[in-house]
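To keep things clear, I will list the structure first and then write my remarks on it.
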Amino acid sequence: MKNILVYCRQGFEKDCAAELADVSSAKGFYGYASVIQDAGYVVYNFAEPDAGERLIAQLDFNKLIFARQIIAVNDVIELAAGARVESLLEAARELPLAQDVMIDTADTNDAKSLSGLIKKLDKPLKQGWKKSGVMRNKAVGVHHHVFLLSGEEAYLGVSYDRCRSEFPMGIRRLRFPAAGPSRSTLKLEEAFLQFVPERMREANLIEGMTAVDLGAAPGGWTYQFVKKGIHVIAIDNGPMQKELMSTGLVEHEKADGFKYEPPYTVDWLVCDMVERPIKVAELMAHWLASGWTRRAIFNLKLPMKKRYQEVMLCLEKIETLLTQAGVGYQYQIKHLYHDREEITVCIIVH
């Protein structure tokens, strides 16, 4: 397959394309992006017939910022009236065998109108795949995706376990907890699931740890720590949720998050303050370089234009400050599903 198709949040197509240009050229693949504003996906085109598959084989999905899902594709498939499954199955015979097949769309209001068609196609599609032999249990790690553009057009692609999201449409859906102080709590819950997988939790998220939450009120992010038995110093001039304060795990200090200094080194620093991204990046780097925290998760609120470029400037600033301080670190960065006009960064020092 010669191209790649990347799902992203609606409105972030240009940023996704800019990142793909950097990532692909760094691997020696040169092409161009087909961008439709607010489409919720980007197609990156190459000349070589197998470039899409070869590029995906060299990528780490967790290092892609704006990608929700990434698949290798060829050209758009025209779906014959009354024979959509047959049209797709004909193209599927040219693909590697897969362990399953799923139907995706972009995460947009327009694409939601296709939900009825998806339900209608799902069962006959899977039956056709199985009966024809293009879907086999032994094809572990290979997945087919039908990406519907409309009732008449679709992309048919392949994803591989080594570089993909495990979630339908690349979306990790979480349920808002009844006791949650605000919906922002889902941002940190998703961040923990993304950046601190189960194998790392015994070392990084355990009862008895301490955290600082800058800009905490009313406590959406603090809530995620309290659930885990972690003591939180909540910094905000605004009020905290009464239920959180009654747990005995929260110490509320009315102070400016940009001026506060902790009395001791904490295990976690989190921050979801609304401020220029470069200013937040400098603050987070200062905490880490000063040894005030060992780990940080924070959001960078992005401008309306050139958001990818702004992210790169922030990462460059962080790298410069931590390198100057002689601090070793590893980081991950992702535009999470529960984020809006922001991206989430996790840094752990070592």
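Numbering starts fresh at 1 for the residues of each chain in the structure tokens, the chains themselves are lettered A, B, ... in the order given, and ligands are numbered from 1 as they appear.
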For range 208-304 of chain A versus range 171-181 of chain A, which residues have an atom no more than 7 Å away, and what is each residue's nearest atom pair and distance in Å rounded to one decimal, using only C-alpha atoms, chain-then-number order, as a Markdown table?
```
| residue | atom | partner | partner_atom | distance |
| --- | --- | --- | --- | --- |
| A:Pro218 | CA | A:Pro181 | CA | 6.0 |
| A:Gly219 | CA | A:Pro181 | CA | 5.7 |
| A:Gly220 | CA | A:Pro181 | CA | 5.1 |
| A:Tyr223 | CA | A:Gly180 | CA | 6.8 |
| A:Gln241 | CA | A:Pro181 | CA | 6.2 |
```
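Interatomic distance, CA of Leu59 in chain A against CA of Cys163 in chain A: 6.4 Å.
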Excluding range 201-217 of chain A and any residue of its chain fewer than 3 positions from it, enumerate the residues within 6 Å of it, using only C-alpha atoms, and give them as a ChimeraX atom specification. /A:198,228-236,238-240,257,266-271,273
Phe66 in chain A surroundings by only C-alpha atoms, 8 Å radius, close-in-sequence under 6 positions cut, as a ChimeraX atom specification: /A:8-9,12,15-16,19,334-335
Selected residues written out with N, CA and C atoms, as a short mmCIF file (atom, residue, chain, number, x, y, z; two decimals), in the first residue's frame:
```
data_model
loop_
_atom_site.label_atom_id
_atom_site.label_comp_id
_atom_site.auth_asym_id
_atom_site.auth_seq_id
_atom_site.Cartn_x
_atom_site.Cartn_y
_atom_site.Cartn_z
N CYS A 8 -7.57 11.99 13.04
CA CYS A 8 -7.21 13.02 14.00
C CYS A 8 -8.46 13.75 14.46
N ARG A 9 -8.30 14.63 15.45
CA ARG A 9 -9.44 15.43 15.89
C ARG A 9 -9.80 16.42 14.78
N PHE A 12 -7.79 19.69 13.28
CA PHE A 12 -6.34 19.56 13.49
C PHE A 12 -5.66 18.90 12.30
N ASP A 15 -2.21 20.41 11.31
CA ASP A 15 -1.18 20.10 12.31
C ASP A 15 -0.74 18.65 12.18
N CYS A 16 -1.70 17.77 11.95
CA CYS A 16 -1.39 16.36 11.74
C CYS A 16 -0.53 16.20 10.49
N GLU A 19 3.06 17.36 11.10
CA GLU A 19 3.82 16.34 11.85
C GLU A 19 4.20 15.17 10.95
N LYS A 334 0.82 13.69 23.58
CA LYS A 334 -0.30 13.18 22.79
C LYS A 334 -1.47 14.14 22.84
N HIS A 335 -2.14 14.27 21.70
CA HIS A 335 -3.42 14.97 21.65
C HIS A 335 -4.48 13.93 22.01
#
```
Give me the residues within 10 Å of range 298-307 of chain A as a ChimeraX atom specification, counting only C-alpha atoms and dropping any in the same chain fewer than 4 places off. /A:11-12,14-16,18,187-188,191,213-214,269-281,284,311-314,333-335,339-347
Any idea what's packed within 8 Å of range 131-146 of chain A, counting only C-alpha atoms, ignoring anything in its chain fewer than 4 positions away? Could you give it as an mmCIF file with N, CA, C and O atoms, in the first residue's frame?
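The new file selection_1.cif reads:
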```
data_model
loop_
_atom_site.group_PDB
_atom_site.id
_atom_site.type_symbol
_atom_site.label_atom_id
_atom_site.label_comp_id
_atom_site.auth_asym_id
_atom_site.auth_seq_id
_atom_site.Cartn_x
_atom_site.Cartn_y
_atom_site.Cartn_z
ATOM 1 N N ILE A 71 -3.278 3.932 9.356
ATOM 2 C CA ILE A 71 -3.431 2.739 8.518
ATOM 3 C C ILE A 71 -2.774 2.984 7.167
ATOM 4 O O ILE A 71 -2.657 4.129 6.709
ATOM 5 N N ALA A 92 -9.937 -6.282 -0.824
ATOM 6 C CA ALA A 92 -9.299 -6.916 0.335
ATOM 7 C C ALA A 92 -8.440 -8.102 -0.061
ATOM 8 O O ALA A 92 -7.486 -8.455 0.649
ATOM 9 N N ARG A 93 -8.751 -8.730 -1.173
ATOM 10 C CA ARG A 93 -7.972 -9.889 -1.612
ATOM 11 C C ARG A 93 -6.542 -9.513 -1.984
ATOM 12 O O ARG A 93 -5.672 -10.388 -2.094
ATOM 13 N N PRO A 96 -2.696 -8.010 2.857
ATOM 14 C CA PRO A 96 -2.243 -9.115 3.711
ATOM 15 C C PRO A 96 -3.426 -9.704 4.481
ATOM 16 O O PRO A 96 -4.385 -8.986 4.786
ATOM 17 N N LEU A 97 -3.379 -10.978 4.802
ATOM 18 C CA LEU A 97 -4.425 -11.590 5.608
ATOM 19 C C LEU A 97 -4.487 -10.894 6.965
ATOM 20 O O LEU A 97 -3.471 -10.435 7.495
ATOM 21 N N ALA A 98 -5.697 -10.803 7.535
ATOM 22 C CA ALA A 98 -5.876 -10.075 8.795
ATOM 23 C C ALA A 98 -6.630 -10.927 9.807
ATOM 24 O O ALA A 98 -7.383 -11.835 9.446
ATOM 25 N N GLN A 99 -6.454 -10.597 11.092
ATOM 26 C CA GLN A 99 -7.167 -11.339 12.142
ATOM 27 C C GLN A 99 -8.575 -10.804 12.348
ATOM 28 O O GLN A 99 -9.419 -11.488 12.921
ATOM 29 N N ASP A 100 -8.834 -9.584 11.879
ATOM 30 C CA ASP A 100 -10.170 -9.013 12.023
ATOM 31 C C ASP A 100 -10.361 -7.883 11.017
ATOM 32 O O ASP A 100 -9.430 -7.483 10.315
ATOM 33 N N VAL A 101 -11.598 -7.393 10.950
ATOM 34 C CA VAL A 101 -11.918 -6.263 10.092
ATOM 35 C C VAL A 101 -12.898 -5.377 10.846
ATOM 36 O O VAL A 101 -13.775 -5.870 11.560
ATOM 37 N N MET A 102 -12.708 -4.070 10.740
ATOM 38 C CA MET A 102 -13.589 -3.128 11.438
ATOM 39 C C MET A 102 -13.950 -1.986 10.508
ATOM 40 O O MET A 102 -13.224 -1.683 9.550
ATOM 41 N N ILE A 103 -15.081 -1.370 10.773
ATOM 42 C CA ILE A 103 -15.535 -0.231 9.975
ATOM 43 C C ILE A 103 -15.374 1.035 10.806
ATOM 44 O O ILE A 103 -15.891 1.134 11.920
ATOM 45 N N ASP A 104 -14.643 1.998 10.267
ATOM 46 C CA ASP A 104 -14.395 3.264 10.941
ATOM 47 C C ASP A 104 -14.938 4.415 10.112
ATOM 48 O O ASP A 104 -15.186 4.279 8.895
ATOM 49 N N GLN A 127 -18.776 -11.578 7.789
ATOM 50 C CA GLN A 127 -19.067 -12.899 7.225
ATOM 51 C C GLN A 127 -18.355 -13.087 5.886
ATOM 52 O O GLN A 127 -17.802 -14.157 5.605
ATOM 53 N N ALA A 154 -15.012 4.678 0.085
ATOM 54 C CA ALA A 154 -14.319 4.265 1.301
ATOM 55 C C ALA A 154 -12.850 4.013 0.995
ATOM 56 O O ALA A 154 -12.469 3.756 -0.158
ATOM 57 N N TYR A 155 -12.033 4.111 2.025
ATOM 58 C CA TYR A 155 -10.667 3.613 1.964
ATOM 59 C C TYR A 155 -10.654 2.237 2.614
ATOM 60 O O TYR A 155 -11.393 1.982 3.576
ATOM 61 N N LEU A 156 -9.821 1.357 2.106
ATOM 62 C CA LEU A 156 -9.597 0.062 2.738
ATOM 63 C C LEU A 156 -8.131 0.003 3.102
ATOM 64 O O LEU A 156 -7.256 0.173 2.239
ATOM 65 N N GLY A 157 -7.856 -0.208 4.386
ATOM 66 C CA GLY A 157 -6.470 -0.152 4.822
ATOM 67 C C GLY A 157 -6.110 -1.240 5.807
ATOM 68 O O GLY A 157 -6.932 -2.067 6.209
ATOM 69 N N VAL A 158 -4.838 -1.215 6.208
ATOM 70 C CA VAL A 158 -4.279 -2.200 7.116
ATOM 71 C C VAL A 158 -3.538 -1.477 8.235
ATOM 72 O O VAL A 158 -2.835 -0.491 7.993
ATOM 73 N N SER A 159 -3.732 -1.958 9.463
ATOM 74 C CA SER A 159 -2.904 -1.497 10.574
ATOM 75 C C SER A 159 -2.209 -2.705 11.195
ATOM 76 O O SER A 159 -2.642 -3.850 11.015
ATOM 77 N N TYR A 160 -1.125 -2.421 11.912
ATOM 78 C CA TYR A 160 -0.315 -3.476 12.510
ATOM 79 C C TYR A 160 -0.139 -3.194 13.996
ATOM 80 O O TYR A 160 0.006 -2.040 14.407
ATOM 81 N N ASP A 161 -0.122 -4.251 14.793
ATOM 82 C CA ASP A 161 -0.021 -4.090 16.240
ATOM 83 C C ASP A 161 1.152 -3.218 16.655
ATOM 84 O O ASP A 161 1.077 -2.511 17.661
ATOM 85 N N ARG A 162 2.231 -3.252 15.903
ATOM 86 C CA ARG A 162 3.427 -2.502 16.297
ATOM 87 C C ARG A 162 3.245 -0.991 16.164
ATOM 88 O O ARG A 162 4.037 -0.224 16.697
#
```
Write down as number ranges by chain the residues of range 59-268 of chain A whose backbone DSSP state falls under alpha helix (DSSP H). A: 84-92, 109-112, 115-132, 185-195, 198-204, 220-226, 242-245
I'd like to know which of A:Trp221, A:Phe167, A:Tyr7, A:Tyr32 is closest to Leu186 in chain A, using only C-alpha atoms. A:Trp221
Give me, as a PyMOL selection string, the residues of range 117-153 of chain A that a backbone DSSP run labels strand (DSSP E or B). chain A and resi 135+142-148+153
Identify, on the basis of only C-alpha atoms, every residue whose closest approach to Thr265 in chain A does not exceed 9 Å; exclude the query and any residue fewer than 6 positions from it along the same chain; express the result as an MDAnalysis selection string. chainID A and resid 210 291:294
Between CA of Gly128 in chain A and CA of Pro49 in chain A, what is the distance in Å, rounded to a tenth? 26.5 Å
